[in-house]
Amino acid sequence: MSQIISILKTNFFLICFLSIFFYIPLSSIFYLNLNSGMTNWVELFNNPLFFRFLTFTISQSILSIILSSSIGLITGYFLANSNIPFRSFFRAALTVPFLFPPLVLLLGFVILFDSSGILSNLFTNYSFDPFSFNGIIIAHSLYNISLMTRILESGFLSEPESFHQLADSLGVNKWIKFKNITFPHIKPYFLSAILLVFLYTFNSFAIVLILGQVKLQTLEVMIYNQTKLRLNYDFASSLVIIQLLLNLSIIYLYTKQTSYETENSALSIKQYTQFNIWPFLFIIFITILTWIPFILLFFSVIEGLIQAPSIVIDQLFSGDYDRFLGTSSSRVLLNSIIFGIFTSIFTISMILALIYSSLQFNTNKIDRLTSPIILIPMATSAITISFALIQTHGQFSFFSDFVSIYILSAHIIAALPFTSRVLFSSFSRVPKEFIIAAKTFGISNFKIMYSIIMPLIKSGLLIAFLFSFAISLGEFGATYYLARGEWTTLSLAIERLFASRNTLLPNLYASLLVIFSLLIFWVIEKFGSVDLRL
Amino acid sequence: MNKQLFILQLFLLIASPIGTTSQSNISSDDVSLTIYTYDSLLADPGYQFDRAFEAYANLPNNSVNVVFLPDASSILTKANAEKDSPIADVLIGIDNVLVNQIRELDLLTPYQPSNSQNLNQELVSGLASDYLLTPYDFGVISLWHLNNSFTNSINANEFQLNDILSPDFQNQLIIQNPQLSSPGLGFLLSTIALFGDEEITSLDSNNEWNNFWRELSTSTTITSSWGDAIELLYTEEANKSIMVSYTTSPAYGACLYDDTSTSALLPIINSEKYGWQQIEGLGIVKNSPNIDLAKLFVDWFISDELQSQIYLNQWMYPANENVVMPDCYNQIIPYNNIKPLNNQISSDLLSENLDNWLQQWELAWVEGVTDTSNLNTNNWYHVLSSFILIMIIRLNKRFK
């Protein structure tokens with residue numbers, strides 16, 4: 001009993017935080033749904049748009065997976081098995097785009113594909129419309145190629161070279177080798193990548209909101225429209241429950257998959273064959289493909305700076321766009337940094353408290369402690385969290401006066417699963433003998449935490465800080481739902497200005513986000529490695 | 001040690017609001033009046049009504065806090081979320097359609113301004129006879145276009161709404177989402193009033209309103225707000241030349257730049273021009289924290305001082321009849337020559353059906369992918385994705 005009280009005290013902040021900003025608001029949605037009876041379920045199932053958008057949500061996810069996994073499979077294979085010059089450069093270049101906020105990709109995507117875009121100027125018969133079903137699939141696929149490549153490359157590297165050597169000596173043909181050696185090794189990686197991409201695309205908000213143009217909506221966009229525009233909360237609560245259940249099922253499958261994967265995660269050292277030009281050209285092509293939206297953004301900003309630097313400075317500092325943004329450009333930048341720093345500090349503090357509590361348990365119990373903070377928040381979309389927050393807190397003046405806290409809480413909830421994974425994985429690498437020995441000498445848990453664990457997970461702390469910062473920087477859904485005026489962030493400013501078709505300022509903001517993300521990636525790679533899985 | 005950690009966490013919990021709210025420009029103590037409105041109110045070239053009111057009411061600087069929201073629906077949503085503990089004192093920009101919703105939500109308190117005798121009484125009865133909202137401007141929804149080579153071919157004297165369904169027209173057209181924008185909603189109601197509905201007699205029997213929107217969605221561009229639409233209209237690369245706006249919009253170029261290169265279009269039936277009249281109003285929030293100042297603000301907003309700014313900053317007609325129309329407005333479609341479509345839809349009918357009409361509109365807009373190649377492609381994708389999903393499941397079983 002005293003142990004439970006001690007754990008509750010240690011994790012007081014985390015428990016309070018998750019109760020106030022997550023579990024109570026989320027329960028309120030269920031309560032709302034139960035209270036409104038069966039009528040909203042009948043309304044939902046009689047609504048032809050629901051089935052249309054549900055089919056769209058699932059089918060666009062599946063198609064995005066097919067496209068990104070086909071490319072990711074080949075790219076991952078070549079990166080793992082072929083003799084590619086500058087391999088680490090290409091590996092890094094192919095990983096970074098996933099760290100960029102989706103809105104940045106979207107901006108570059110439209111610059112490239114729009115009817116007034118680069119391709120339209122190059123080809124006279126150009127007719128591709130990015131604001132369409134195909135546009136959404138391509139944007140999602142471009143965004144997820146990085147994730148697929150990185151995870152599948154690890155899958156290919158997990159194949160023991162000796163299996164292939166043995167198979168070769170026995171004269172086994174390529175298909176049998178693929179079926180019996182390669183496929184079983186990459187299968188868990190492949191499935192976990194598929195489930196992760198499904199999760200991202202199934203809950204996609206920014207890309208579908210902008211490219212879908214009302215005609216195409218994911219359940220996430222539908223929940224936003226029903227709650228924000230139609231004030232139809234009962235109807236939206238049913239949508240939330242369906243989305244949450246589907247998400248939880250996907251995550252359940254994912255966690256089953258990753259636990260299997262970690263058992264087989266030893267990577268082999270490959271003996272590369274002779275240099276072949278085709279894999280190399282393919283890797284260059286895919287790198288250019290994933291980078292082109294961002295390169296175009298930079299070019300447009302540089303072009304603007306060279307042609308008319310005074311216009312750039314004027315747009316940034318004249319205050320002409322303050323009314324659109326709700327605040328000044330400098331404040332927008334400051335908001336993003338403040339949210340990023342606070343998100344990192346609070347997230348890390350909470351996970352460290354959890355690690356501290358876990359010192360009192362054996363390692364098996366850590367999973368039980370962390371699963372409620374990883375699984376359910378991960379299954380809950382940004383729009384659902386925002387809707388739930390407004391439902392429970394919106395009626396109080398505190399909500400409007402301190403809306404920044406609610407935005408911050410949504411950022412923290414988004415960052416918690418990633419941060420906990422990074423920190424718990426660092427903690428699991430701390431030799432347990434050190435902790436046992438320290439305990440035998442009667443050293444307190446606090447001293448163990450401070451003097452043994454913290455120095456050993458130093459690089460994990462830095463990575464967790466930067467990951468949380470990057471997640472906060474790119475967060476769009478909850479900020480879009482909750483923030484107005486003075487709390488506009490860079491992502492929000494890009495959307496506001498993009499909607500008005502101002503190109504210079506959003507490109508400048510997006511370039512800043514790209515630079516931030518690149519710096520974060522560089523530091524993470526210096527101290528560890530980017531693990532895109534949860 | 002646990003005690004230390006507990007105290008540290010308690011501190012973090014308490015400190016977080018202080019840390020994060022210190023960035024606010026204006027602390028809540030400094031504000032005497034909070035106003036929610038949309039971001040294009042009196043915006044071009046710009047009249048700072050908040051500062052002007054501070055001067056009028058002898059208030060300290062920054063004592064009026066204006067929260068600019070993207071559209072009228074956002075004003076409503078935000079005010080509704082804070083209903084039990086209101087932050088705003090005044091809402092500006094609720095029109096004669098949203099008034100029904102705001103009445104249902106019970107967000108405002110009626111107030112008849114002391115100078116209400118200066119108002120056009122038709123507007124008062126058209127918006128809210130009980131002064132739940134006080135009218136401050138009005139206009140007629142129309143299609144506003146740049147007089148370029150394409151729109152030169154339009155004969156304004158024979159213009160029918162069905163004309164905009166041609167692919168060339170649609171490619172040039174920008175409309176606003178009626179779920180978000182009040183001019184967008186006004187345009188939707190124009191089509192319902194013109195083409196008729198179950199309880200509305202049709203003025204133009206050449207189409208049905210749902211079908212009209214189904215066809216219109218093929219290649220028309222939709223934006224969230226009027227502000228977004230005008231930015232798009234003047235972005236050369238976007239290649240757009242027509243948008244849903246007001247009959248007064250051509251006055252903008254004429255008055256500011258002596259530029260007459262834009263015109264407004266209204267549908268003509270039996271030689272009569274028809275248009276949806278939008279009346280915009282402001283109202284005092286129920287249980288407003290600063291009710292007296294809010295009343296003073298409403299009085300001032302319909303005074304000659306503020307209303308004289310409407311023509312040349314808001315580009316609408318002022319509600320105050322004392323204000324004289326500038327000469328540069330002479331070239332626009334005269335207001336008296338327009339038959340209001342609002343007479344087609346009674347206030348009760350509007351209130352009963354609005355939600356249903358918006359739902360039907362969304363369905364029509366979504367279903368209206370009449371471009372068959374696109375439709376077939378999507379169906380093909382569904383079949384392909386289902387096939388691949390089945391293959392993955394089968395393969396998974398096989399290799400287990």
# chains A, B, ... in the order shown; residues from 1 in each chain; ligands from 1

call {"tool": "residues_around", "arguments": {"residues": "region 178-182 of chain B", "least_positions_apart": "4", "cutoff": "7 Å", "atoms": "only C-alpha atoms", "output": "PyMOL selection string"}}
result
(chain A and resi 229) or (chain B and resi 71-73+186+188+224-226+358)

call {"tool": "interface_residues", "arguments": {"of": "chain A", "to": "chain B", "cutoff": "7 Å", "atoms": "only C-alpha atoms", "output": "list in words"}}
result
Lys9, Thr10, Phe12, Phe13, Leu49, Ser59, Ile62, Leu63, Ser116, Gln213, Lys215, Lys228, Leu229, Arg323, Phe324, Gly326, Gly394, Gln395, Phe396, Ser397, Phe402, Ser404, Ile405, Phe446, Gly485, Glu486, Ala499, Ser500 and Arg501 of chain A

call {"tool": "residues_around", "arguments": {"residues": "Ala92 (chain A)", "least_positions_apart": "4", "cutoff": "10 Å", "atoms": "only C-alpha atoms", "output": "list in words"}}
result
Arg87, Ser88, Val96, Pro97, Ser146, Arg150, Thr287, Phe521, Trp522, Glu525, Ser529 and Val530 of chain A

call {"tool": "atom_distance", "arguments": {"atom1": "CA of Glu158 (chain B)", "atom2": "CA of Asp204 (chain B)"}}
result
13.2 Å

call {"tool": "residues_around", "arguments": {"residues": "Ser300 (chain A)", "least_positions_apart": "6", "cutoff": "9 Å", "atoms": "only C-alpha atoms", "output": "CSV table (one decimal) with C-alpha atoms, in the first residue's frame"}}
result
chain,number,residue,atom,x,y,z
A,503,THR,CA,3.5,32.7,-51.0
A,504,LEU,CA,6.5,34.5,-49.7
A,507,ASN,CA,7.5,29.8,-47.6
A,508,LEU,CA,9.8,31.8,-45.3

call {"tool": "select_by_dssp", "arguments": {"residues": "region 292-364 of chain B", "states": "strand (DSSP E or B)", "output": "VMD selection string"}}
result
chain B and resid 317 to 318 320 338 to 340

call {"tool": "write_last_selection", "arguments": {"atoms": "C-alpha atoms", "output": "mmCIF file, in the first residue's frame"}}
result
data_model
loop_
_atom_site.group_PDB
_atom_site.id
_atom_site.type_symbol
_atom_site.label_atom_id
_atom_site.label_comp_id
_atom_site.auth_asym_id
_atom_site.auth_seq_id
_atom_site.Cartn_x
_atom_site.Cartn_y
_atom_site.Cartn_z
ATOM 1 C CA TYR B 317 -23.820 50.347 -47.383
ATOM 2 C CA PRO B 318 -23.993 51.872 -43.888
ATOM 3 C CA ASN B 320 -27.201 54.834 -40.629
ATOM 4 C CA ILE B 338 -32.277 45.050 -57.038
ATOM 5 C CA LYS B 339 -35.125 42.803 -55.925
ATOM 6 C CA PRO B 340 -34.134 41.115 -52.654
#

call {"tool": "atom_distance", "arguments": {"atom1": "CA of Ser114 (chain B)", "atom2": "CA of Asp137 (chain B)"}}
result
17.7 Å
